[in-house]
>>> print(open('my_file_4.txt').read())   # compact mmCIF, C-alpha atoms (C1' of nucleotides)
# COMPACT_ATOMS: atom_id res chain seq x y z
CA MET U 1 -43.88 37.69 23.42
CA LYS U 2 -45.61 38.27 20.17
CA ARG U 3 -45.50 35.57 17.56
CA ASN U 4 -45.82 31.86 17.23
CA SER U 5 -43.01 30.89 19.58
CA ARG U 6 -44.24 27.59 20.97
CA LEU U 7 -41.52 25.60 19.21
CA SER U 8 -38.87 27.95 20.50
CA VAL U 9 -40.20 27.69 24.04
CA ALA U 10 -40.54 23.91 23.89
CA LEU U 11 -36.97 23.39 22.70
CA HIS U 12 -35.55 25.73 25.28
CA VAL U 13 -37.33 24.02 28.13
CA LEU U 14 -36.67 20.48 26.91
CA LEU U 15 -32.94 21.11 26.79
CA HIS U 16 -32.94 22.46 30.32
CA MET U 17 -34.85 19.39 31.42
CA ALA U 18 -32.16 17.22 29.88
CA GLU U 19 -29.58 18.83 32.15
CA GLN U 20 -31.63 17.93 35.23
CA ALA U 21 -32.38 14.47 33.96
CA ASP U 22 -34.65 12.05 35.81
CA LYS U 23 -36.01 14.51 38.32
CA ALA U 24 -39.66 15.40 37.86
CA LEU U 25 -39.82 19.15 37.34
CA THR U 26 -42.88 21.28 38.01
CA SER U 27 -44.54 23.51 35.44
CA GLU U 28 -43.53 26.42 37.61
CA VAL U 29 -39.83 25.61 37.31
CA LEU U 30 -40.15 25.08 33.58
CA ALA U 31 -42.06 28.34 33.25
CA SER U 32 -39.34 30.25 35.08
CA TRP U 33 -36.82 29.00 32.52
CA ALA U 34 -38.98 30.21 29.66
CA ALA U 35 -39.97 33.38 31.50
CA THR U 36 -43.60 32.53 31.07
CA ASN U 37 -46.61 31.19 32.94
CA PRO U 38 -47.00 27.61 34.24
CA VAL U 39 -50.29 27.26 32.39
CA VAL U 40 -48.57 28.11 29.12
CA ILE U 41 -46.13 25.29 29.81
CA ARG U 42 -48.94 22.81 30.52
CA ARG U 43 -50.71 23.76 27.30
CA THR U 44 -47.56 23.59 25.22
CA PHE U 45 -46.41 20.33 26.76
CA ALA U 46 -49.79 18.66 26.44
CA GLY U 47 -48.96 17.89 22.80
CA LEU U 48 -45.52 16.60 23.71
CA ARG U 49 -47.08 14.31 26.28
CA ASP U 50 -49.55 12.94 23.74
CA ALA U 51 -46.61 12.29 21.45
CA GLY U 52 -44.79 10.33 24.17
CA ILE U 53 -41.87 12.74 24.32
CA VAL U 54 -42.48 13.76 27.93
CA GLY U 55 -44.58 12.44 30.77
CA SER U 56 -46.36 14.18 33.61
CA THR U 57 -47.36 13.05 37.09
CA LYS U 58 -49.61 14.76 39.57
CA GLY U 59 -49.36 15.30 43.28
CA HIS U 60 -46.40 15.54 45.65
CA GLY U 61 -43.07 15.31 43.87
CA GLY U 62 -44.89 15.29 40.58
CA GLY U 63 -44.03 17.18 37.43
CA TRP U 64 -42.59 16.63 33.98
CA THR U 65 -39.96 14.16 32.84
CA LEU U 66 -38.26 13.45 29.52
CA LEU U 67 -39.22 9.99 28.29
CA LYS U 68 -36.86 9.66 25.32
CA PRO U 69 -33.11 9.99 24.83
CA LEU U 70 -32.09 13.27 23.23
CA ASP U 71 -30.94 11.65 20.03
CA ALA U 72 -34.33 10.01 19.55
CA VAL U 73 -36.28 13.26 19.32
CA THR U 74 -36.09 15.44 16.22
CA LEU U 75 -37.29 18.99 15.84
CA ALA U 76 -39.83 17.67 13.34
CA ASP U 77 -41.25 15.40 16.05
CA ILE U 78 -41.67 18.35 18.37
CA GLN U 79 -43.08 20.58 15.67
CA ALA U 80 -45.63 17.93 14.75
CA ALA U 81 -46.55 17.37 18.40
CA LEU U 82 -47.20 21.07 18.87
CA ASP U 83 -49.36 21.27 15.76
CA GLU U 84 -48.26 24.76 14.80
CA PRO U 85 -49.21 26.63 11.62
CA LEU U 86 -45.57 26.98 10.52
CA LEU U 87 -46.27 28.96 7.36
CA ALA U 88 -47.74 32.45 7.45
CA LEU U 89 -49.15 32.47 3.92
CA GLY U 90 -52.91 32.84 3.95
CA LYS U 91 -55.56 33.10 1.32
CA ALA U 92 -57.89 36.04 0.77
CA GLU U 93 -60.85 33.72 0.37
CA GLU U 94 -60.99 30.01 1.08
CA SER U 95 -63.60 29.01 -1.49
CA PRO U 96 -63.78 31.80 -4.03
CA GLY U 97 -66.27 31.93 -6.87
CA CYS U 98 -63.77 33.76 -9.03
CA LEU U 99 -61.90 31.50 -11.44
CA VAL U 100 -58.77 33.60 -11.26
CA GLU U 101 -58.65 33.35 -7.51
CA GLN U 102 -59.26 29.62 -7.69
CA ALA U 103 -56.18 29.25 -9.86
CA VAL U 104 -54.16 31.43 -7.49
CA ASN U 105 -55.23 29.41 -4.48
CA ALA U 106 -54.35 26.15 -6.22
CA ALA U 107 -50.88 27.37 -7.10
CA LEU U 108 -50.24 28.69 -3.59
CA ASP U 109 -51.54 25.53 -1.94
CA ASP U 110 -49.12 23.61 -4.06
CA ALA U 111 -46.11 25.75 -3.24
CA VAL U 112 -46.94 25.85 0.45
CA ALA U 113 -47.36 22.10 0.67
CA GLN U 114 -43.99 21.61 -0.95
CA ALA U 115 -42.34 24.14 1.32
CA ARG U 116 -43.83 22.42 4.33
CA ARG U 117 -42.39 19.10 3.20
CA LEU U 118 -38.97 20.62 2.66
CA LEU U 119 -38.90 22.35 6.04
CA ASP U 120 -40.11 19.21 7.77
CA GLU U 121 -37.39 17.24 6.05
CA ARG U 122 -34.82 19.67 7.37
CA LEU U 123 -36.22 19.65 10.91
CA SER U 124 -36.29 15.87 10.95
CA LYS U 125 -32.52 15.83 10.60
CA ILE U 126 -31.89 17.86 13.75
CA THR U 127 -32.19 16.08 17.09
CA LEU U 128 -32.24 17.49 20.59
CA ALA U 129 -28.83 15.89 21.02
CA ASP U 130 -27.50 18.01 18.17
CA LEU U 131 -28.71 21.14 19.92
CA ALA U 132 -27.31 20.02 23.25
CA ALA U 133 -23.96 19.51 21.58
CA GLN U 134 -24.00 23.11 20.46
CA ILE U 135 -24.57 24.34 23.98
CA GLY U 136 -21.55 22.59 25.47
CA PRO U 137 -18.91 24.70 23.74
CA ARG U 138 -20.62 27.98 24.62
CA ARG U 139 -20.85 27.02 28.26
CA VAL U 140 -17.21 25.98 28.41
CA VAL U 141 -16.06 29.24 26.85
CA LEU U 142 -18.03 31.32 29.31
CA ALA U 143 -17.03 29.21 32.27
CA ALA U 144 -13.37 29.69 31.37
CA ALA U 145 -13.97 33.43 31.41
CA GLY U 146 -15.31 33.14 34.92
CA CYS U 147 -18.97 33.68 34.08
CA LYS U 148 -21.86 31.99 35.69
CA ASP U 149 -24.70 30.74 33.56
CA PRO U 150 -26.74 33.96 33.39
CA HIS U 151 -30.14 32.51 33.66
CA HIS U 152 -33.05 34.87 33.68
CA GLU U 153 -31.91 37.46 36.06
CA SER U 154 -35.03 39.42 35.14
CA MET S 1 -60.02 37.99 6.01
CA LYS S 2 -57.75 36.86 8.74
CA ARG S 3 -54.19 35.99 7.91
CA ASN S 4 -51.30 37.18 5.85
CA SER S 5 -53.01 37.17 2.47
CA ARG S 6 -51.21 39.96 0.65
CA LEU S 7 -49.55 37.60 -1.81
CA SER S 8 -52.89 35.98 -2.55
CA VAL S 9 -54.54 39.34 -3.15
CA ALA S 10 -51.70 40.64 -5.28
CA LEU S 11 -51.71 37.61 -7.57
CA HIS S 12 -55.46 37.68 -7.96
CA VAL S 13 -55.51 41.33 -8.93
CA LEU S 14 -52.46 41.17 -11.20
CA LEU S 15 -54.01 38.40 -13.26
CA HIS S 16 -57.23 40.34 -13.67
CA MET S 17 -55.17 43.32 -14.78
CA ALA S 18 -53.52 41.18 -17.42
CA GLU S 19 -56.93 40.49 -18.94
CA GLN S 20 -57.60 44.23 -19.28
CA ALA S 21 -54.11 44.95 -20.55
CA ASP S 22 -52.88 48.46 -21.28
CA LYS S 23 -55.76 50.31 -19.69
CA ALA S 24 -54.93 52.19 -16.51
CA LEU S 25 -57.17 50.76 -13.79
CA THR S 26 -58.11 52.60 -10.63
CA SER S 27 -57.51 51.29 -7.13
CA GLU S 28 -61.26 51.17 -6.75
CA VAL S 29 -61.67 48.74 -9.63
CA LEU S 30 -58.81 46.59 -8.38
CA ALA S 31 -60.28 46.62 -4.89
CA SER S 32 -63.66 45.45 -6.16
CA TRP S 33 -61.95 42.41 -7.69
CA ALA S 34 -60.29 41.55 -4.42
CA ALA S 35 -63.37 42.46 -2.39
CA THR S 36 -61.33 44.87 -0.34
CA ASN S 37 -60.64 48.57 0.11
CA PRO S 38 -58.82 50.84 -2.40
CA VAL S 39 -56.36 51.89 0.27
CA VAL S 40 -55.43 48.27 0.88
CA ILE S 41 -54.65 47.96 -2.82
CA ARG S 42 -52.48 51.07 -2.76
CA ARG S 43 -50.57 49.77 0.22
CA THR S 44 -50.09 46.33 -1.27
CA PHE S 45 -49.14 47.61 -4.70
CA ALA S 46 -46.67 50.19 -3.38
CA GLY S 47 -44.08 47.41 -3.10
CA LEU S 48 -44.87 46.15 -6.58
CA ARG S 49 -44.41 49.64 -7.95
CA ASP S 50 -41.03 50.00 -6.24
CA ALA S 51 -40.06 46.68 -7.80
CA GLY S 52 -41.01 47.91 -11.26
CA ILE S 53 -43.73 45.31 -11.72
CA VAL S 54 -46.55 47.83 -12.00
CA GLY S 55 -46.75 51.57 -12.50
CA SER S 56 -49.21 54.15 -11.21
CA THR S 57 -50.30 57.51 -12.56
CA LYS S 58 -52.34 60.20 -10.90
CA GLY S 59 -55.15 62.41 -12.16
CA HIS S 60 -57.80 61.94 -14.81
CA GLY S 61 -57.58 58.59 -16.51
CA GLY S 62 -54.88 57.55 -14.08
CA GLY S 63 -54.49 54.27 -12.26
CA TRP S 64 -52.38 51.12 -12.31
CA THR S 65 -50.76 49.35 -15.25
CA LEU S 66 -48.69 46.20 -15.60
CA LEU S 67 -45.18 47.08 -16.74
CA LYS S 68 -43.82 43.62 -17.44
CA PRO S 69 -44.94 40.69 -19.56
CA LEU S 70 -46.54 37.89 -17.56
CA ASP S 71 -43.71 35.47 -18.21
CA ALA S 72 -41.18 37.93 -16.81
CA VAL S 73 -42.69 38.06 -13.33
CA THR S 74 -42.27 35.15 -10.91
CA LEU S 75 -44.13 34.57 -7.66
CA ALA S 76 -40.78 35.01 -5.90
CA ASP S 77 -40.50 38.51 -7.40
CA ILE S 78 -43.92 39.41 -6.07
CA GLN S 79 -43.28 37.83 -2.71
CA ALA S 80 -40.03 39.77 -2.36
CA ALA S 81 -41.70 43.01 -3.46
CA LEU S 82 -44.38 42.60 -0.81
CA ASP S 83 -41.82 41.88 1.90
CA GLU S 84 -44.01 39.44 3.79
CA PRO S 85 -42.96 37.37 6.82
CA LEU S 86 -43.65 34.07 5.03
CA LEU S 87 -42.75 31.83 7.97
CA ALA S 88 -44.75 31.85 11.16
CA LEU S 89 -41.97 30.58 13.40
CA GLY S 90 -41.08 33.12 16.03
CA LYS S 91 -38.65 33.24 18.89
CA ALA S 92 -39.53 33.57 22.55
CA GLU S 93 -36.77 36.12 23.04
CA GLU S 94 -34.72 37.84 20.39
CA SER S 95 -31.50 38.32 22.33
CA PRO S 96 -31.61 35.93 25.26
CA GLY S 97 -28.99 35.79 27.97
CA CYS S 98 -29.57 32.08 28.38
CA LEU S 99 -27.02 29.91 26.59
CA VAL S 100 -29.56 27.19 25.91
CA GLU S 101 -31.93 29.60 24.27
CA GLN S 102 -29.10 31.08 22.24
CA ALA S 103 -28.39 27.65 20.81
CA VAL S 104 -32.08 27.07 20.10
CA ASN S 105 -32.38 30.41 18.32
CA ALA S 106 -29.31 29.70 16.24
CA ALA S 107 -30.63 26.32 15.15
CA LEU S 108 -34.05 27.70 14.31
CA ASP S 109 -32.62 30.65 12.43
CA ASP S 110 -30.64 28.19 10.41
CA ALA S 111 -33.56 25.94 9.59
CA VAL S 112 -35.83 28.87 8.79
CA ALA S 113 -33.27 30.48 6.50
CA GLN S 114 -32.89 27.23 4.62
CA ALA S 115 -36.63 26.74 4.32
CA ARG S 116 -36.97 30.28 3.04
CA ARG S 117 -34.38 29.60 0.37
CA LEU S 118 -36.14 26.44 -0.70
CA LEU S 119 -39.56 28.06 -0.86
CA ASP S 120 -38.17 31.01 -2.74
CA GLU S 121 -36.55 28.65 -5.19
CA ARG S 122 -39.90 27.04 -5.81
CA LEU S 123 -41.74 30.34 -6.18
CA SER S 124 -39.15 31.62 -8.61
CA LYS S 125 -40.09 28.86 -11.02
CA ILE S 126 -43.74 29.92 -11.28
CA THR S 127 -44.53 32.94 -13.44
CA LEU S 128 -47.75 34.89 -13.76
CA ALA S 129 -48.00 33.42 -17.27
CA ASP S 130 -48.08 29.93 -15.74
CA LEU S 131 -50.99 30.93 -13.53
CA ALA S 132 -52.80 32.59 -16.42
CA ALA S 133 -52.44 29.39 -18.41
CA GLN S 134 -54.20 27.52 -15.61
CA ILE S 135 -57.14 29.87 -15.74
CA GLY S 136 -57.86 29.43 -19.44
CA PRO S 137 -59.02 25.81 -19.22
CA ARG S 138 -61.34 26.45 -16.28
CA ARG S 139 -62.96 29.36 -18.06
CA VAL S 140 -63.49 27.36 -21.26
CA VAL S 141 -65.06 24.49 -19.36
CA LEU S 142 -67.50 26.76 -17.57
CA ALA S 143 -68.32 28.76 -20.70
CA ALA S 144 -69.20 25.55 -22.51
CA ALA S 145 -71.60 24.78 -19.69
CA GLY S 146 -73.28 28.14 -20.22
CA CYS S 147 -71.94 29.83 -17.13
CA LYS S 148 -70.85 33.40 -16.85
CA ASP S 149 -67.72 34.29 -14.98
CA PRO S 150 -69.22 34.48 -11.47
CA HIS S 151 -67.31 37.42 -10.18
CA HIS S 152 -67.97 38.51 -6.64
CA GLU S 153 -71.68 38.33 -6.43
CA SER S 154 -71.33 38.80 -2.68
C1' DT B 1 -57.46 14.81 54.77
C1' DT B 2 -54.41 18.32 53.70
C1' DT B 3 -51.22 19.71 50.34
C1' DC B 4 -49.19 19.71 46.01
C1' DA B 5 -49.16 19.53 41.04
C1' DT B 6 -51.36 18.76 36.72
C1' DG B 7 -55.72 19.50 33.41
C1' DT B 8 -58.58 22.67 31.46
C1' DA B 9 -62.04 26.21 30.77
C1' DA B 10 -62.77 31.09 30.75
C1' DT B 11 -61.17 35.61 30.64
C1' DT B 12 -58.02 39.33 29.66
C1' DA B 13 -54.05 41.45 27.30
C1' DT B 14 -51.29 42.27 23.39
C1' DA B 15 -49.65 42.06 18.61
C1' DT B 16 -50.54 41.80 13.77
C1' DA B 17 -53.29 42.40 9.71
C1' DT B 18 -56.83 44.39 7.63
C1' DG B 19 -60.56 47.87 6.99
C1' DT B 20 -61.78 52.74 7.06
C1' DT B 21 -61.54 57.78 7.18
C1' DA B 22 -59.29 61.89 6.17
C1' DC B 23 -56.44 64.79 3.88
C1' DG B 24 -52.37 65.98 0.95
C1' DT B 25 -50.25 65.96 -3.81
C1' DG B 26 -50.04 65.85 -8.63
C1' DA B 27 -52.28 65.50 -13.19
C1' DT B 28 -55.95 66.32 -16.41
C1' DG B 29 -59.79 68.79 -18.59
C1' DG B 30 -62.63 72.47 -18.93
C1' DC F 1 -56.82 78.70 -13.02
C1' DC F 2 -59.71 75.87 -10.88
C1' DA F 3 -62.62 71.83 -10.27
C1' DT F 4 -62.14 67.00 -10.50
C1' DC F 5 -59.94 62.81 -10.37
C1' DA F 6 -56.76 59.37 -8.66
C1' DC F 7 -52.78 58.10 -6.10
C1' DG F 8 -49.86 58.57 -1.41
C1' DT F 9 -50.05 58.25 3.35
C1' DA F 10 -51.01 59.01 8.01
C1' DA F 11 -54.26 58.12 11.62
C1' DC F 12 -57.63 55.49 13.56
C1' DA F 13 -60.88 51.36 14.06
C1' DT F 14 -61.78 46.50 13.85
C1' DA F 15 -60.82 41.50 13.68
C1' DT F 16 -58.11 37.62 14.59
C1' DA F 17 -54.41 35.10 16.78
C1' DT F 18 -51.31 34.21 20.37
C1' DA F 19 -49.99 34.55 24.89
C1' DA F 20 -50.80 35.67 29.84
C1' DT F 21 -53.71 35.17 33.67
C1' DT F 22 -57.37 33.53 36.78
C1' DA F 23 -60.11 30.05 38.61
C1' DC F 24 -61.36 25.69 39.72
C1' DA F 25 -61.51 20.55 39.19
C1' DT F 26 -58.90 16.13 39.51
C1' DG F 27 -55.65 12.98 41.13
C1' DA F 28 -51.54 11.59 43.98
C1' DA F 29 -48.64 11.58 47.98
C1' DA F 30 -47.45 12.68 52.80
>>> encode(input="my_file_4.txt", output="structure tokens")
Amino acid sequence: MKRNSRLSVALHVLLHMAEQADKALTSEVLASWAATNPVVIRRTFAGLRDAGIVGSTKGHGGGWTLLKPLDAVTLADIQAALDEPLLALGKAEESPGCLVEQAVNAALDDAVAQARRLLDERLSKITLADLAAQIGPRRVVLAAAGCKDPHHES
Amino acid sequence: MKRNSRLSVALHVLLHMAEQADKALTSEVLASWAATNPVVIRRTFAGLRDAGIVGSTKGHGGGWTLLKPLDAVTLADIQAALDEPLLALGKAEESPGCLVEQAVNAALDDAVAQARRLLDERLSKITLADLAAQIGPRRVVLAAAGCKDPHHES
DNA sequence: TTTCATGTAATTATATATGTTACGTGATGG
DNA sequence: CCATCACGTAACATATATAATTACATGAAA
């Protein structure tokens, strides 16, 4: 992996959890789905837990469970829970003495804030249920062709 | 510096160039404005040159010149010329075998593409002339207070 | 009380962006 | 024509950010 992919990972794992509903699933199982490390899952999901999207229990038979129905969780909820940067635009200097740079920073701050609002607005209209609905067709097509779900053979 | 600040640097330098109009300015001068290295300027401005926003000449008296009037260059033009990532959202895997992850990637690609369009739309409505107009007032205010333009004392 | 699973700190690895050095190319002035 | 200047670029070094890993503590269940 290379870039900020926490949202991608979270969505992937959450949808798999939905298929195994109700069972508490360990970080290790979740990590195998995302081809990553259990600790990465715990870190990523810590925000989701704080946001009430998932719950975790310790000890025997413990693990992670989805606490909300799929249509009650939007991508914006998840994004917010993960507290990601989202936009890659940075500034050369945060508090410049130069008047020109001050004006540049102000203009960029403005545009970035607006872009963030617009993206958030878009993400808030997509629920996990919407994504799940897009998986169904793919699975059916492949199943008809006699394929198994090719999950992480690596 | 830390993050993707090429747009910030480019805007800062371009506006300073506008104040010294017509004279060819060396990478070294431009770099001193941005508190960076001449080579960084050359790299950053290579895209702007290809886009016809600035020109460069070699040899004695050579350097960089603005080729377009300030109101003919939008932030979207500059952004496009620099070819920056813009959005920080990445994917865990680019071409996953997993159907769930395929659906996640598709949805994210969609949302990101839309956000990019929206941000670009916003940036295309701001010209360098708009930014320059925002500098004037600040400078006047400070001059009245007896301050010099405090440029990069560090 | 042993085992299992999360919680979290600390460390290492890797990727990206930026800073720097070095050298090539073309243009200008003597 | 040749020394100088300035861009063009490759190669290398450094800094920061994200992810992967290790280690250990805490709490719950058998």
>>> closest_residue(input="my_file_4.txt", among="U:Val29, U:Leu82, U:Leu11, U:Leu89", to="Asp110 (chain U)", atoms="only C-alpha atoms")
U:Leu89
>>> residues_around(input="my_file_4.txt", residues="Ala115 (chain S)", least_positions_apart="2", cutoff="7 Å", atoms="all atoms listed in the file", output="list in words")
Ala115, Leu118 and Leu119 of chain U; Ala111, Val112, Ala113, Arg117, Leu118 and Leu119 of chain S
>>> interface_residues(input="my_file_4.txt", of="chain S", to="chain B", cutoff="12 Å", atoms="only C-alpha atoms (C1' of nucleotides)", output="PyMOL selection string")
chain S and resi 1-6+31+35-41+43-44+56-63+84-85+88
>>> atom_distance(input="my_file_4.txt", atom1="CA of Gly47 (chain U)", atom2="CA of Ala81 (chain U)")
5.0 Å
>>> closest_residue(input="my_file_4.txt", among="U:Leu30, U:Val9, U:Val104, U:Leu75", to="Asp130 (chain U)", atoms="all atoms listed in the file")
U:Leu75
>>> atom_distance(input="my_file_4.txt", atom1="CA of Gln114 (chain U)", atom2="CA of Arg116 (chain S)")
11.8 Å
